[in-house]
Amino acid sequence: MRRGRWERRHVTEALAKAMMYASVALVAGSLALILFTVVLRGLPALSWEMVSKPPEGGYYMGKGGGVLNAIIGSLLLASGGTLAALIFGLPIALYLETYLGDSPWGRYVRLSLDVLWGIPSIVYGAFGFTLMLAIGLRASLLAGIIVLALLELPIMVRAMDEVIRRMPVDLEQAALALGSTKLEVAMRIVTRQMMPGIITAILLAFGRGIGDAASVLFTSGYTDRITTSLLRPTASLPLAVFFQLASPFPEVQKRGYASALILTVIVLVISLGSRWISGRVSRYTVK
Amino acid sequence: MNSGSQRSASDVPTLKARGSATETDPHIQVRNLNAFYGKVQALANVNLEIPKRQITVIMGPSGCGKSTLLKTFNRFLELTDGTKILGEVLVDGQDIYAKGIDETEVRKRVGLLAQRPSPLPMSIYDNVAYGMHVHRMKRSRQEYKEAVRHYLEIAGLWDEVRKRMHDPATSLSIGQQQRLCLARGLAVEPEIILGDEPTSSLDPISSLNIESRLLDLKRVYTTVIVTHTLRQAKRLADYVIYMYLGEVIEAGPAHEVFSHPKHERTKAYLEGLV
């Protein structure tokens with residue numbers, strides 16, 4: 001019995017396992033290292049002033065103020081972009097499922113979305129910039145939202161598409177057999193069954209939107225003021241991190257890490273929140 | 001279609017005869033029914049009369065069109081792409097394929113117990129209340145609550161679920177789920193229950209449980225069951241339909257068909273040769 005251990009297939013299994021453990025360690029380790037760095041360098045500079053005030057005069061030389069402008073800007077940009085992506089994305093996802101299915105057109109649309117998903121965000125930024133020039137829109141919150149919506153749309157639609165495809169056919173038939181109309185099936189059964197997946201899709205898209213620097217670089221600009229208008233430029237956290245880390249002043253660099261910490265915490269809170277919400281709404285879903 | 005809307009909440013399990021139909025009239029009449037999947041003919045010139053408040057069992061080898069026939073009774077066949085249905089299916093003398101007939105009303109009157117139970121993504125309580133909500137059948141929360149309990153009792157599930165009404169329906173065992181589906185179907189007050197091999201995914205004890213429910217319910221409901229097990233057919237049937245390759249070969253009272261089949265094919269099937 002013991003000798004079997006050194007048989008080839010057992011060795012292969014052990015090797016495969018070792019590689020899996022190594023990749024898990026790599027992923028978990030990277031996350032831990034990133035969090036460690038950001039916390040270690042950012043936490044000392046983090047203060048109430050950082051999150052409650054916009055930059056004051058001389059902020060970028062180490063004087064008072066905070067990054068409230070960027071926090072609010074980022075939340076507005078990502079929420080607006082996600083909302084716009086949802087308004088267009090949900091119908092696309094439903095259309096893909098109900099009408100296109102696995103038809104050649106359906107496959108073409110899915111391929112297009114996958115390609116769009118892979119396009120670097122700086123390209124979206126540049127595209128958005130030319131679009132703005134064409135329609136005479138200046139760098140603004142609105143322009144940023146539009147570009148983020150474009151950036152988020154593919155990830156959101158594909159994530160929803162995967163969920164809708166997993167909708168059991170029996171379920172629809174069960175509701176129809178009770179005399180439901182198709183709309184009642186869609187509103188009362190399909191959405192209920194899909195809700196956890198839709199929430200996940202929305203938050204995936206939000207996460208990509210809020211963390212993206214390159215697409216908003218050209219399109220929403222940057223300002224030290226808190227944005228109050230869709231047509232005014234707005235600050236964002238990724239760019240705040242970038243500008244502060246590029247500074248020669250150590251105090252400002254530290255605040256850059258603190259800003260990164262704020263961004264990380266926002267993303268963390270949102271993803272944990274989404275897990276909690278989809279856990280609650282998935283209590284009744286049929287697996 | 002004039003549905004059960006005249007019925008009041010108090011006479012839930014007892015159904016009144018409607019229109020000119022009397023006790024002895026057949027409940028479902030099928031006239032010159034042909035059905036096609038694309039170019040393949042699944043039902044060929046079916047003519048049938050299904051008696052009221054009895055259990056009719058449709059049997060036959062697999063692929064003979066049993067389920068297809070059953071699905072024409074609640075307008076379910078048309079949900080499959082590329083199907084074509086010609087002919088008439090009359091419920092209480094009214095053609096359910098006539099123009100202007102609301103298929104959701106047909107499906108409310110003609111309930112379906114599917115092959116595998118598929119609970120809706122909601123609690124046990126809401127599964128039973130769902131259909132009543134959709135058809136706005138009750139007026140108050142209390143009425144819904146009472147009706148849910150009533151139908152769970154009829155389905156023989158109440159005692160097992162009374163303390164966990166708000167648990168997900170998927171937490172029930174598969175046999176319990178099928179009884180839940182029965183309660184859910186009865187809650188919209190149908191006159192006819194269709195069963196498409198309703199016990200084929202269940203263990204023997206759960207199967208017998210469902211069978212005994214159906215036997216109880218035939219006092220009130222016209223029941224049509226598709227089955228591929230001859231023994232089940234013998235246990236349940238008052239009236240038997242034997243189908244082969246999309247045609248009805250023989251139909252008649254169970255005792256006659258089982259003891260003196262007229263047709264050679266029926267005889268062969270009953271002897272286990274098909």
# chains A, B, ... in the order shown; residues from 1 in each chain; ligands from 1

$ interface_residues --of "chain A" --to "chain B" --cutoff "6 Å" --atoms "only C-alpha atoms" --output "PyMOL selection string"
chain A and resi 177-179+193+284-286

$ residues_around --residues "region 256-268 of chain B" --least-positions-apart "3" --cutoff "9 Å" --atoms "only C-alpha atoms" --output "list in words"
Gly60, Lys234, Tyr239, Val240, Ile241, Tyr242, Met243, Tyr244, Ile249, Glu250, Ala251, Gly252, Pro253, Glu271, Gly272, Leu273 and Val274 of chain B

$ write_last_selection --atoms "N, CA and C atoms" --output "short mmCIF file (atom, residue, chain, number, x, y, z; two decimals), in the first residue's frame"
data_model
loop_
_atom_site.label_atom_id
_atom_site.label_comp_id
_atom_site.auth_asym_id
_atom_site.auth_seq_id
_atom_site.Cartn_x
_atom_site.Cartn_y
_atom_site.Cartn_z
N GLY B 60 -48.61 4.80 -22.58
CA GLY B 60 -48.05 4.47 -23.88
C GLY B 60 -46.54 4.53 -23.81
N LYS B 234 -52.63 1.35 -13.18
CA LYS B 234 -53.65 0.47 -12.62
C LYS B 234 -54.12 0.93 -11.25
N TYR B 239 -60.27 5.87 -15.96
CA TYR B 239 -60.45 5.93 -17.40
C TYR B 239 -59.05 5.91 -18.01
N VAL B 240 -58.90 5.17 -19.09
CA VAL B 240 -57.55 4.97 -19.63
C VAL B 240 -57.49 5.36 -21.09
N ILE B 241 -56.39 6.00 -21.46
CA ILE B 241 -56.14 6.30 -22.87
C ILE B 241 -54.81 5.67 -23.23
N TYR B 242 -54.81 4.84 -24.25
CA TYR B 242 -53.55 4.26 -24.69
C TYR B 242 -53.14 4.89 -26.01
N MET B 243 -51.92 5.43 -26.03
CA MET B 243 -51.45 6.10 -27.24
C MET B 243 -50.26 5.38 -27.83
N TYR B 244 -50.13 5.51 -29.14
CA TYR B 244 -48.98 4.92 -29.82
C TYR B 244 -48.68 5.77 -31.03
N ILE B 249 -54.93 4.88 -29.57
CA ILE B 249 -55.26 3.53 -30.04
C ILE B 249 -56.54 3.05 -29.38
N GLU B 250 -56.62 3.33 -28.08
CA GLU B 250 -57.78 2.84 -27.36
C GLU B 250 -58.07 3.75 -26.17
N ALA B 251 -59.33 3.98 -25.89
CA ALA B 251 -59.69 4.77 -24.72
C ALA B 251 -60.98 4.20 -24.15
N GLY B 252 -61.04 4.12 -22.83
CA GLY B 252 -62.26 3.59 -22.22
C GLY B 252 -62.11 3.47 -20.73
N PRO B 253 -63.15 3.03 -20.05
CA PRO B 253 -63.08 2.82 -18.60
C PRO B 253 -61.95 1.85 -18.26
N GLU B 271 -49.21 -6.43 -21.77
CA GLU B 271 -48.45 -7.64 -21.46
C GLU B 271 -46.95 -7.37 -21.39
N GLY B 272 -46.61 -6.10 -21.58
CA GLY B 272 -45.20 -5.73 -21.45
C GLY B 272 -44.37 -6.03 -22.67
N LEU B 273 -45.02 -6.12 -23.83
CA LEU B 273 -44.27 -6.47 -25.04
C LEU B 273 -43.78 -5.24 -25.79
N VAL B 274 -44.34 -4.06 -25.51
CA VAL B 274 -43.90 -2.86 -26.22
C VAL B 274 -42.86 -2.14 -25.39
#

$ residues_around --residues "Asp95 (chain B)" --least-positions-apart "3" --cutoff "12 Å" --atoms "only C-alpha atoms" --output "PyMOL selection string"
chain B and resi 1+27-31+33+72-75+86-92+98-103+106

$ write_last_selection --atoms "C-alpha atoms" --output "PDB file, in the first residue's frame"
ATOM      1  CA  MET B   1     -62.997  32.827 -20.926  1.00  0.00           C
ATOM      2  CA  HIS B  27     -65.065  17.707 -18.957  1.00  0.00           C
ATOM      3  CA  ILE B  28     -62.552  17.854 -21.771  1.00  0.00           C
ATOM      4  CA  GLN B  29     -63.387  17.043 -25.368  1.00  0.00           C
ATOM      5  CA  VAL B  30     -60.716  16.774 -28.007  1.00  0.00           C
ATOM      6  CA  ARG B  31     -61.781  17.065 -31.634  1.00  0.00           C
ATOM      7  CA  LEU B  33     -56.485  17.472 -32.817  1.00  0.00           C
ATOM      8  CA  THR B  72     -52.476  20.926 -25.299  1.00  0.00           C
ATOM      9  CA  PHE B  73     -54.968  20.935 -22.415  1.00  0.00           C
ATOM     10  CA  ASN B  74     -53.439  23.953 -20.667  1.00  0.00           C
ATOM     11  CA  ARG B  75     -52.065  25.712 -23.743  1.00  0.00           C
ATOM     12  CA  LEU B  86     -54.834  22.242 -35.345  1.00  0.00           C
ATOM     13  CA  GLY B  87     -58.215  21.143 -34.083  1.00  0.00           C
ATOM     14  CA  GLU B  88     -60.210  21.825 -30.968  1.00  0.00           C
ATOM     15  CA  VAL B  89     -59.859  21.203 -27.257  1.00  0.00           C
ATOM     16  CA  LEU B  90     -63.074  21.946 -25.408  1.00  0.00           C
ATOM     17  CA  VAL B  91     -63.213  22.481 -21.667  1.00  0.00           C
ATOM     18  CA  ASP B  92     -66.825  22.531 -20.475  1.00  0.00           C
ATOM     19  CA  ALA B  98     -60.767  29.808 -30.006  1.00  0.00           C
ATOM     20  CA  LYS B  99     -59.970  33.431 -30.782  1.00  0.00           C
ATOM     21  CA  GLY B 100     -60.094  35.808 -27.847  1.00  0.00           C
ATOM     22  CA  ILE B 101     -59.415  33.126 -25.239  1.00  0.00           C
ATOM     23  CA  ASP B 102     -56.989  34.281 -22.570  1.00  0.00           C
ATOM     24  CA  GLU B 103     -54.401  31.540 -22.107  1.00  0.00           C
ATOM     25  CA  VAL B 106     -57.057  28.570 -19.281  1.00  0.00           C
TER      26      VAL B 106
END

$ closest_residue --among "A:Arg232, A:Lys182, A:Lys17, A:Arg275" --to "Arg138 (chain A)" --atoms "only C-alpha atoms"
A:Arg232

$ atom_distance --atom1 "CA of Ile146 (chain A)" --atom2 "CA of Gly128 (chain A)"
7.9 Å
